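Pasting my_file08.csv here (CSV, C-alpha atoms and all ligand atoms):
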chain,number,residue,atom,x,y,z
Y,30,MET,CA,31.0,112.0,32.3
Y,31,ASP,CA,32.1,113.0,35.8
Y,32,ASP,CA,31.4,111.0,39.0
Y,33,ARG,CA,28.4,113.1,40.1
Y,34,SER,CA,25.5,110.8,41.0
Y,35,TRP,CA,22.9,113.1,39.3
Y,36,MET,CA,22.8,114.6,35.9
Y,37,ARG,CA,20.7,117.5,34.7
Y,38,LEU,CA,19.3,116.9,31.2
Y,39,GLU,CA,20.5,119.6,28.9
Y,40,ALA,CA,18.4,120.7,25.9
Y,41,GLU,CA,18.2,118.5,22.9
Y,42,PRO,CA,19.8,120.1,19.8
Y,43,ALA,CA,17.1,120.7,17.2
Y,44,GLU,CA,18.8,118.5,14.6
Y,45,HIS,CA,18.7,115.4,16.9
Y,46,ALA,CA,15.2,115.9,18.4
Y,47,LEU,CA,12.5,113.7,17.2
Y,48,PRO,CA,11.1,115.4,14.0
Y,49,ALA,CA,7.6,116.9,14.6
Y,50,ASP,CA,6.0,115.0,11.7
Y,51,VAL,CA,7.4,111.7,12.9
Y,52,ALA,CA,6.0,112.4,16.4
Y,53,ALA,CA,2.6,113.4,14.9
Y,54,ARG,CA,2.1,110.0,13.2
Y,55,ASP,CA,3.3,108.0,16.2
Y,56,PRO,CA,0.7,106.1,18.3
Y,57,LEU,CA,2.1,107.8,21.5
Y,58,ALA,CA,3.1,111.0,19.7
Y,59,GLY,CA,6.7,110.0,20.6
Y,60,ARG,CA,6.1,110.9,24.3
Y,61,ASP,CA,8.0,107.8,25.5
Y,62,ILE,CA,11.0,108.5,23.3
Y,63,GLY,CA,14.2,109.4,25.1
Y,64,TRP,CA,16.6,112.2,24.3
Y,65,VAL,CA,19.8,111.6,22.3
Y,66,THR,CA,21.6,114.0,24.6
Y,67,GLN,CA,20.7,111.9,27.6
Y,68,MET,CA,22.4,108.8,26.1
Y,69,ARG,CA,25.6,110.2,24.6
Y,70,PRO,CA,27.6,110.5,27.8
Y,71,PHE,CA,26.7,106.9,28.7
Y,72,VAL,CA,27.8,105.7,25.3
Y,73,ARG,CA,31.1,107.6,25.6
Y,74,HIS,CA,31.8,106.4,29.1
Y,75,PHE,CA,30.6,102.8,29.0
Y,76,CYS,CA,31.3,101.5,25.4
Y,77,ARG,CA,34.8,101.1,24.0
Y,78,ALA,CA,35.5,103.2,20.9
Y,79,GLY,CA,34.2,101.5,17.8
Y,80,GLY,CA,32.2,99.1,19.9
Y,81,ARG,CA,28.6,98.0,19.4
Y,82,VAL,CA,25.6,99.3,21.4
Y,83,LEU,CA,22.3,97.5,21.7
Y,84,ASP,CA,18.9,99.0,22.6
Y,85,PRO,CA,16.5,96.1,23.1
Y,86,PHE,CA,13.6,98.6,23.3
Y,87,ALA,CA,14.7,100.8,20.4
Y,88,GLY,CA,11.5,102.9,20.0
Y,89,LEU,CA,12.2,105.6,17.5
Y,90,GLY,CA,16.0,105.1,17.7
Y,91,SER,CA,17.2,107.9,20.0
Y,92,THR,CA,19.7,105.6,21.7
Y,93,LEU,CA,20.8,104.2,18.4
Y,94,LEU,CA,21.4,107.7,17.1
Y,95,ALA,CA,23.4,108.6,20.2
Y,96,ALA,CA,25.5,105.5,19.6
Y,97,ARG,CA,26.1,106.3,15.9
Y,98,LEU,CA,26.9,110.0,16.7
Y,99,GLU,CA,29.5,108.7,19.1
Y,100,GLY,CA,31.1,106.5,16.5
Y,101,ARG,CA,29.7,103.2,17.8
Y,102,ASP,CA,27.7,100.6,15.8
Y,103,ALA,CA,24.1,100.6,16.7
Y,104,VAL,CA,21.8,97.5,17.0
Y,105,GLY,CA,18.2,97.7,18.1
Y,106,CYS,CA,15.1,95.5,18.7
Y,107,GLU,CA,11.8,97.1,18.4
Y,108,ILE,CA,8.6,95.1,18.5
Y,109,ASP,CA,6.5,97.7,16.7
Y,110,ALA,CA,7.2,97.2,13.0
Y,111,THR,CA,6.2,100.8,12.1
Y,112,ARG,CA,8.5,102.3,14.7
Y,113,ALA,CA,11.3,99.9,13.7
Y,114,ALA,CA,11.0,101.1,10.1
Y,115,THR,CA,10.9,104.7,11.2
Y,116,ILE,CA,14.3,104.5,12.8
Y,117,GLY,CA,15.9,104.0,9.4
Y,118,GLU,CA,14.0,107.1,8.1
Y,119,ARG,CA,15.2,109.2,11.0
Y,120,PHE,CA,18.8,108.2,10.3
Y,121,ALA,CA,18.3,108.9,6.5
Y,122,ARG,CA,17.1,112.4,7.2
Y,123,LEU,CA,20.4,113.0,9.0
Y,124,GLY,CA,22.4,111.6,6.0
Y,125,LEU,CA,23.3,108.5,8.1
Y,126,ALA,CA,23.2,104.8,7.0
Y,127,PRO,CA,20.5,102.9,8.8
Y,128,PRO,CA,21.4,100.9,12.0
Y,129,THR,CA,20.6,97.2,12.3
Y,130,VAL,CA,17.1,96.9,13.7
Y,131,PHE,CA,15.2,93.7,14.3
Y,132,ALA,CA,11.4,94.2,14.3
Y,133,ALA,CA,11.0,91.7,17.1
Y,134,SER,CA,11.6,91.2,20.8
Y,135,CYS,CA,15.2,90.2,21.3
Y,136,ASP,CA,14.2,87.1,23.4
Y,137,THR,CA,12.4,85.6,20.4
Y,138,LEU,CA,15.4,85.9,18.0
Y,139,ALA,CA,17.2,82.7,17.0
Y,140,ASP,CA,20.5,82.0,18.7
Y,141,GLY,CA,23.3,83.8,16.9
Y,142,ALA,CA,20.9,86.2,15.1
Y,143,MET,CA,22.3,89.1,17.1
Y,144,PRO,CA,26.0,90.1,17.0
Y,145,PRO,CA,28.1,90.3,20.3
Y,146,ILE,CA,27.3,93.6,22.1
Y,147,ASP,CA,29.6,95.9,24.1
Y,148,LEU,CA,26.9,98.0,25.8
Y,149,CYS,CA,23.2,97.6,26.3
Y,150,LEU,CA,21.6,101.0,26.8
Y,151,THR,CA,17.9,101.6,26.9
Y,152,ASN,CA,14.8,103.1,28.4
Y,153,VAL,CA,12.2,100.4,29.3
Y,154,PRO,CA,8.5,100.5,28.3
Y,155,TYR,CA,6.4,101.6,31.2
Y,156,PHE,CA,3.5,99.5,32.5
Y,157,GLY,CA,0.0,101.0,32.1
Y,158,CYS,CA,1.0,103.1,29.1
Y,159,ARG,CA,-2.0,103.5,26.8
Y,160,TRP,CA,-0.5,102.1,23.6
Y,161,ASN,CA,-2.8,102.4,20.6
Y,162,GLY,CA,-0.4,101.0,18.0
Y,163,GLU,CA,-0.4,97.4,16.8
Y,164,PRO,CA,-1.3,95.1,19.7
Y,165,VAL,CA,1.3,92.4,18.7
Y,166,PRO,CA,2.2,89.6,21.1
Y,167,ASP,CA,5.3,90.5,23.3
Y,168,GLN,CA,4.4,94.2,23.1
Y,169,LEU,CA,5.1,95.0,26.7
Y,170,TYR,CA,2.9,98.1,26.5
Y,171,GLY,CA,0.0,95.6,26.3
Y,172,SER,CA,1.0,93.8,29.5
Y,173,ALA,CA,-2.3,93.0,31.4
Y,174,THR,CA,-0.7,92.9,34.8
Y,175,TYR,CA,2.3,94.5,36.5
Y,176,GLU,CA,3.6,91.0,37.3
Y,177,ALA,CA,3.4,90.0,33.6
Y,178,HIS,CA,5.2,93.2,32.7
Y,179,LEU,CA,8.1,92.5,35.0
Y,180,ALA,CA,8.3,88.9,33.7
Y,181,GLY,CA,8.5,90.3,30.2
Y,182,LEU,CA,11.3,92.7,31.1
Y,183,ARG,CA,13.1,89.8,32.7
Y,184,GLU,CA,12.9,87.7,29.5
Y,185,VAL,CA,14.3,90.5,27.5
Y,186,PHE,CA,17.2,91.3,29.8
Y,187,HIS,CA,17.9,87.6,30.2
Y,188,ARG,CA,18.5,87.5,26.4
Y,189,VAL,CA,20.5,90.6,26.6
Y,190,ARG,CA,22.8,88.8,29.0
Y,191,ASP,CA,23.5,86.1,26.4
Y,192,VAL,CA,24.6,88.6,23.7
Y,193,LEU,CA,26.6,91.0,26.0
Y,194,ALA,CA,30.3,90.6,26.1
Y,195,GLU,CA,31.9,89.5,29.4
Y,196,GLY,CA,32.6,92.7,31.4
Y,197,ALA,CA,30.1,94.8,29.4
Y,198,PHE,CA,27.6,97.1,31.0
Y,199,CYS,CA,23.8,96.9,30.8
Y,200,ILE,CA,22.2,100.3,31.6
Y,201,ALA,CA,18.5,100.8,31.8
Y,202,MET,CA,16.6,104.0,32.5
Y,203,ALA,CA,13.3,103.9,34.4
Y,204,GLU,CA,11.1,105.8,36.7
Y,205,ASN,CA,8.9,104.6,39.5
Y,206,LEU,CA,5.4,104.9,38.3
Y,207,ARG,CA,2.2,106.5,39.6
Y,208,LEU,CA,-0.8,104.6,38.3
Y,209,GLY,CA,-4.2,105.8,39.5
Y,210,ASP,CA,-3.8,106.1,43.3
Y,211,ARG,CA,-1.0,103.6,43.4
Y,212,THR,CA,2.8,103.9,43.2
Y,213,LEU,CA,4.5,101.1,41.4
Y,214,PRO,CA,8.3,100.8,42.1
Y,215,LEU,CA,9.1,99.9,38.5
Y,216,ALA,CA,12.7,101.4,38.7
Y,217,PHE,CA,13.3,99.4,42.0
Y,218,ASP,CA,11.8,96.2,40.6
Y,219,LEU,CA,13.9,96.6,37.5
Y,220,ALA,CA,17.0,97.1,39.6
Y,221,ARG,CA,16.1,93.8,41.3
Y,222,ILE,CA,15.7,92.0,37.9
Y,223,LEU,CA,19.0,93.5,36.7
Y,224,GLY,CA,20.7,92.5,39.9
Y,225,SER,CA,19.6,88.9,39.5
Y,226,LEU,CA,21.0,88.7,35.9
Y,227,PHE,CA,24.0,91.0,36.2
Y,228,VAL,CA,26.1,92.6,39.0
Y,229,LEU,CA,24.6,95.9,40.0
Y,230,GLN,CA,27.1,98.7,40.0
Y,231,GLU,CA,25.5,102.1,40.6
Y,232,GLU,CA,22.6,104.3,39.8
Y,233,ARG,CA,22.7,107.9,38.4
Y,234,VAL,CA,19.7,110.1,38.9
Y,235,ILE,CA,18.7,112.1,35.8
Y,236,VAL,CA,16.8,115.3,36.5
Y,237,TYR,CA,15.0,117.5,34.1
Y,238,ASP,CA,13.1,120.7,34.2
Y,239,ARG,CA,9.4,120.4,34.8
Y,240,ALA,CA,6.8,122.9,36.0
Y,241,VAL,CA,6.9,123.3,39.8
Y,242,GLY,CA,3.8,124.0,41.9
Y,243,PRO,CA,3.0,124.0,45.6
Y,244,ALA,CA,2.6,120.6,47.4
Y,245,ALA,CA,-0.6,120.3,49.4
Y,246,PRO,CA,0.1,119.4,53.1
Y,247,MET,CA,0.2,115.6,53.6
Y,248,ASP,CA,0.2,115.1,49.8
Y,249,ALA,CA,3.3,113.0,48.9
Y,250,ARG,CA,3.1,113.6,45.2
Y,251,SER,CA,6.1,115.3,43.6
Y,252,ASN,CA,6.4,116.8,40.1
Y,253,ARG,CA,8.3,113.6,39.0
Y,254,SER,CA,11.2,115.3,37.3
Y,255,HIS,CA,13.7,112.6,37.7
Y,256,GLU,CA,14.5,109.0,36.6
Y,257,TYR,CA,17.1,106.5,37.3
Y,258,ALA,CA,19.9,105.2,35.1
Y,259,LEU,CA,20.4,101.7,36.6
Y,260,ILE,CA,24.0,100.5,35.8
Y,261,ALA,CA,24.7,96.8,35.9
Y,262,ARG,CA,27.6,94.8,34.5
Y,263,LYS,CA,28.0,91.3,33.1
Y,264,ARG,CA,30.7,89.7,35.2
Y,265,ARG,CA,31.2,87.0,37.7
Y,266,GLU,CA,30.0,87.8,41.2
Y,267,THR,CA,32.8,87.4,43.8
Y,268,VAL,CA,31.7,85.1,46.6
Y,269,ASP,CA,33.4,84.6,50.0
Y,270,LEU,CA,35.2,81.3,49.3
Y,271,ALA,CA,36.4,80.7,52.9
Y,272,ALA,CA,33.0,81.3,54.3
Y,273,THR,CA,31.4,79.0,51.7
Y,274,ALA,CA,33.8,76.2,52.5
Y,275,ALA,CA,33.2,76.6,56.2
Y,276,LEU,CA,29.4,76.6,55.6
Y,277,LEU,CA,29.7,73.3,53.6
Y,278,ASN,CA,31.6,71.7,56.4
Y,279,ALA,CA,29.1,72.9,59.0
Y,280,LEU,CA,26.2,71.5,56.9
Y,281,ARG,CA,27.9,68.1,56.5
Y,282,ALA,CA,28.6,68.0,60.3
Y,283,GLU,CA,24.8,68.5,60.7
Y,284,GLY,CA,24.3,65.3,58.7
Y,285,HIS,CA,23.1,66.9,55.3
Y,286,ARG,CA,24.1,64.9,52.3
Y,287,PHE,CA,25.3,66.5,49.0
Y,288,THR,CA,28.0,66.4,46.4
Y,289,VAL,CA,29.9,69.5,45.5
Y,290,PHE,CA,30.5,69.8,41.8
Y,291,GLY,CA,31.4,72.5,39.1
Y,292,SER,CA,33.7,75.4,39.7
Y,293,PHE,CA,33.6,75.3,43.5
Y,294,ALA,CA,34.7,71.6,43.5
Y,295,ARG,CA,37.5,72.5,41.1
Y,296,TRP,CA,38.6,75.4,43.3
Y,297,LEU,CA,38.6,73.0,46.4
Y,298,GLN,CA,41.0,70.7,44.4
Y,299,ASP,CA,43.2,73.6,43.1
Y,300,PRO,CA,42.6,77.1,44.4
Y,301,ALA,CA,44.7,78.5,41.6
Y,302,SER,CA,42.4,77.0,38.9
Y,303,VAL,CA,39.2,79.0,38.9
Y,304,THR,CA,37.4,81.7,40.9
Y,305,PRO,CA,33.9,80.2,41.5
Y,306,ALA,CA,30.8,82.5,41.4
Y,307,ASP,CA,28.8,80.1,43.6
Y,308,ALA,CA,28.9,76.6,45.0
Y,309,ASP,CA,26.9,73.9,43.1
Y,310,LEU,CA,25.6,71.1,45.3
Y,311,GLN,CA,23.9,68.0,43.9
Y,312,VAL,CA,21.2,66.7,46.3
Y,313,ALA,CA,19.0,63.7,45.9
Y,314,PRO,CA,15.4,64.5,44.9
Y,315,ASP,CA,14.2,63.6,48.4
Y,316,GLU,CA,11.7,66.2,49.7
Y,317,ALA,CA,12.3,65.6,53.4
Y,318,ALA,CA,16.1,65.8,53.0
Y,319,ILE,CA,16.0,68.9,50.8
Y,320,ASP,CA,13.5,70.5,53.2
Y,321,ALA,CA,15.9,69.9,56.2
Y,322,LEU,CA,18.8,71.4,54.2
Y,323,LEU,CA,16.8,74.5,53.2
Y,324,GLN,CA,15.4,74.9,56.8
Y,325,SER,CA,19.0,74.9,58.0
Y,326,LEU,CA,20.0,77.5,55.5
Y,327,ALA,CA,17.0,79.7,56.3
Y,328,ARG,CA,17.9,79.5,60.1
Y,329,ARG,CA,21.4,80.8,59.1
Y,330,GLY,CA,19.8,83.8,57.4
Y,331,PHE,CA,19.9,82.7,53.7
Y,332,SER,CA,17.2,83.8,51.3
Y,333,LEU,CA,15.8,80.9,49.3
Y,334,ARG,CA,14.7,81.3,45.7
Y,335,SER,CA,13.7,79.1,42.8
Y,336,TRP,CA,14.5,81.2,39.7
Y,337,SER,CA,13.3,84.5,41.0
Y,338,ASP,CA,10.4,83.3,43.2
Y,339,PRO,CA,10.8,82.9,47.0
Y,340,VAL,CA,10.7,79.2,48.2
Y,341,ALA,CA,8.0,78.4,50.7
Y,342,LEU,CA,8.9,76.0,53.6
Y,343,PRO,CA,8.0,73.3,54.4
Y,344,LEU,CA,9.0,72.3,50.9
Y,345,ARG,CA,6.6,70.8,48.4
Y,346,LEU,CA,9.1,69.5,45.9
Y,347,ASP,CA,6.4,68.8,43.3
Y,348,ALA,CA,5.7,72.6,43.0
Y,349,TYR,CA,9.3,73.1,41.7
Y,350,ARG,CA,9.7,70.2,39.2
Y,351,GLY,CA,11.4,71.3,36.0
Y,352,ARG,CA,13.2,74.1,37.8
Y,353,HIS,CA,16.2,72.0,38.5
Y,354,TYR,CA,17.7,74.0,41.4
Y,355,PHE,CA,17.2,76.2,44.5
Y,356,ARG,CA,19.4,79.2,45.1
Y,357,ALA,CA,20.4,80.1,48.6
Y,358,GLU,CA,22.1,83.5,49.1
Y,359,ARG,CA,23.3,85.5,52.1
Y,360,ILE,CA,25.2,88.8,52.2
Y,361,ASP,CA,26.9,89.6,55.5
Y,362,ARG,CA,27.6,93.0,57.2
Y,363,ALA,CA,30.9,93.3,55.3
Y,364,GLY,CA,29.2,92.8,52.0
Y,365,ALA,CA,30.6,89.3,51.6
Y,366,LEU,CA,28.3,87.0,49.6
Y,367,VAL,CA,27.8,83.2,50.0
Y,368,ARG,CA,25.7,81.6,47.2
Y,369,LEU,CA,24.7,78.0,46.9
Y,370,ASP,CA,22.8,76.3,44.0
Y,371,LEU,CA,21.1,73.1,45.2
Y,372,CYS,CA,20.5,71.0,42.1
Y,373,PHE,CA,17.9,68.4,42.6
Y,374,GLU,CA,17.3,67.1,39.0
Q,1,LIG,C1,10.4,103.7,26.2
Q,1,LIG,S1,10.3,103.2,24.5
Q,1,LIG,C2,12.0,103.2,24.0
Q,1,LIG,C3,12.4,104.4,23.5
Q,1,LIG,C4,13.8,104.4,22.8
Q,1,LIG,N1,14.8,104.0,23.7
Q,1,LIG,C5,14.1,105.7,22.1
Q,1,LIG,O1,14.6,106.5,22.8
Q,1,LIG,O2,13.7,105.9,21.0
Q,1,LIG,C6,9.9,101.5,24.7
Q,1,LIG,C7,9.8,100.8,23.3
Q,1,LIG,O3,9.8,99.4,23.6
Q,1,LIG,C8,9.0,98.7,22.6
Q,1,LIG,N2,8.7,97.4,23.1
Q,1,LIG,C9,7.8,97.0,24.0
Q,1,LIG,N3,7.9,95.6,24.2
Q,1,LIG,C10,8.9,95.2,23.5
Q,1,LIG,C11,9.6,94.0,23.3
Q,1,LIG,N4,9.2,92.9,23.9
Q,1,LIG,N5,10.7,93.9,22.5
Q,1,LIG,C12,11.1,95.0,21.8
Q,1,LIG,N6,10.5,96.2,21.9
Q,1,LIG,C13,9.5,96.3,22.7
Q,1,LIG,C14,7.8,99.6,22.5
Q,1,LIG,O4,7.1,99.5,21.3
Q,1,LIG,C15,8.5,101.0,22.6
Q,1,LIG,O5,8.8,101.5,21.3
Hey, can you dump this file as structure tokens for me?
Ligand SMILES: C[S@@+](CC[C@H](N)C(=O)[O-])C[C@H]1O[C@@H](n2cnc3c(N)ncnc32)[C@H](O)[C@@H]1O
Amino acid sequence: MDDRSWMRLEAEPAEHALPADVAARDPLAGRDIGWVTQMRPFVRHFCRAGGRVLDPFAGLGSTLLAARLEGRDAVGCEIDATRAATIGERFARLGLAPPTVFAASCDTLADGAMPPIDLCLTNVPYFGCRWNGEPVPDQLYGSATYEAHLAGLREVFHRVRDVLAEGAFCIAMAENLRLGDRTLPLAFDLARILGSLFVLQEERVIVYDRAVGPAAPMDARSNRSHEYALIARKRRETVDLAATAALLNALRAEGHRFTVFGSFARWLQDPASVTPADADLQVAPDEAAIDALLQSLARRGFSLRSWSDPVALPLRLDAYRGRHYFRAERIDRAGALVRLDLCFE
């Protein structure tokens, strides 16, 4: 892989293409199945030799095959039992031993069921796809709303984070979608989800040949011959420690009451001990006091979230019971991040 930000998809060698008879009996005729050729450079570049690659949306196993052809172990989760079983058949036809495939959504597997993973590489299911296979629960092709679809993707990548080795990459391929007259920014929303769970690194644009026609004046539609490979990494975010310490002093001087605990408190005691990824503040579960603190942060340009939802002010604390903390984040013009977690339970 070179450092070009776009890649042209080369032809798939016949022996690795999805066999025609397998496509013919698939509910989507294999139209959502990626190319092995597309995935191989990512496996080579982002997974250590002999490492283990996970595809949490394994489909008919193209990513798993790419991993195996590159000498890596392949592990997949595929919610559709027929597709999950077909992966083994595809491998057998190439004289390869079957990969490990769980016929389940990875977020429903018991703790420890999945081995540690060195690279997550996948193409995500698209919202609005007319799936006429088994309508099992957790099948994201059956999501009733776009919001539910994004929530389902979040659940899966949340689990992926648990099983991914520290420092490992999570790479997901996606397009923005056109659904009826509407454009849904699936790739951009997915980038936001990955950015909240991992540290976003880069994107590569993958382009492929598709028939070209004239565009009517004022018609924005393109021939949609590209997708994004969104590249994120599991590692601790670096925060601006001096700016965080200065902010905490300023908040105290304004009269806000909180206790600093966790890694930031340890760093304050001994700067050589740890590098904190945020500052954890314990606050009393007092609606007015937390509201005043959040208002002060909002005035300083912080975004306020509870899990991934924006926090509305004035605060109604009851609406956030069971969520335990509010996250306040701000990135300045130099790219420096300050992140506070306000724990109230
Ligand atoms: C775009 S396809 C993946 C293609 C696959 N990477 C390949 O190239 O063969 C998405 C797959 O995700 C599966 N899927 C949907 N929801 C799922 C879930 N919650 N857990 C696991 N698989 C799921 C679908 O059945 C579908 O096969």
Protein and nucleic residues near ligand LIG 1 (chain Q), 8 Å, only C-alpha atoms and all ligand atoms, as a ChimeraX atom specification:
/Y:61-65,84-93,106-109,112,132-136,151-155,167-170,181-182,185
To one decimal in Å, tell me the separation between CA of Glu232 in chain Y and CA of Glu358 in chain Y.
22.8 Å
Quick one: residues within 9 Å of Leu219 in chain Y, all atoms listed in the file counted, chain neighbours fewer than 5 positions away excluded, as a PyMOL selection string?
chain Y and resi 179+182-183+201+203+214+224+259
Within 9 Å of file point (23.2, 104.5, 26.1), counting only C-alpha atoms, expressed as number ranges by chain:
Y: 65, 67-73, 75-76, 82-84, 92-93, 95-96, 148-152, 199-201
With all atoms listed in the file counted, which protein, DNA or RNA residues have an atom no more than 8 Å from (32.5, 76.2, 49.6) in the file frame? Please answer as a list in words.
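Within the cut-off we find Leu270, Ala271, Ala272, Thr273, Ala274, Ala275, Leu276, Leu277, Phe293, Ala294, Leu297 and Ala308 of chain Y.
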Keeping only C-alpha atoms, take the residues you just selected and write them out as a PDB file, in the frame of the given file.
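Saved to again.pdb:
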ATOM      1  CA  LEU Y 270      35.200  81.300  49.300  1.00  0.00           C
ATOM      2  CA  ALA Y 271      36.400  80.700  52.900  1.00  0.00           C
ATOM      3  CA  ALA Y 272      33.000  81.300  54.300  1.00  0.00           C
ATOM      4  CA  THR Y 273      31.400  79.000  51.700  1.00  0.00           C
ATOM      5  CA  ALA Y 274      33.800  76.200  52.500  1.00  0.00           C
ATOM      6  CA  ALA Y 275      33.200  76.600  56.200  1.00  0.00           C
ATOM      7  CA  LEU Y 276      29.400  76.600  55.600  1.00  0.00           C
ATOM      8  CA  LEU Y 277      29.700  73.300  53.600  1.00  0.00           C
ATOM      9  CA  PHE Y 293      33.600  75.300  43.500  1.00  0.00           C
ATOM     10  CA  ALA Y 294      34.700  71.600  43.500  1.00  0.00           C
ATOM     11  CA  LEU Y 297      38.600  73.000  46.400  1.00  0.00           C
ATOM     12  CA  ALA Y 308      28.900  76.600  45.000  1.00  0.00           C
TER      13      ALA Y 308
END
Just checking: using only C-alpha atoms, which residue out of Y:Pro145, Y:Gly209, Y:Pro48, Y:Gly284 ends up closest to Leu322 in chain Y?
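Selected residue with least distance to Leu322 in chain Y: Y:Gly284.
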Hey, can you check how far CA of Lys263 in chain Y sits from CA of Glu195 in chain Y?
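Going from CA of Lys263 in chain Y over to CA of Glu195 in chain Y covers 5.7 Å.
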List as a ChimeraX atom specification the protein and nucleic acid residues near Ser251 in chain Y, meaning an atom at most 12 Å away when all atoms listed in the file are counted, but skip any in the same chain fewer than 2 places from it.
/Y:205-207,212,239-249,253-255
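Restricting the calculation to all atoms listed in the file, the smallest distance between Arg281 in chain Y and any of Y:Arg221, Y:Glu256, Y:Trp296, Y:Ser325 is found for Y:Ser325.
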Pick from Y:Gly196, Y:Pro343, Y:Asp140, Y:Ser335 nearest to Ala321 in chain Y, counting all atoms listed in the file
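The shortest atom-to-atom distance to Ala321 in chain Y comes from Y:Pro343.
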Env of Pro128 in chain Y: 10 Å cut, atoms = all atoms listed in the file, seq-sep filter 2 positions within chain, self excluded. Answer as a PyMOL selection string.
chain Y and resi 90+93-94+96-97+102-105+116-117+120+125-126+130-131
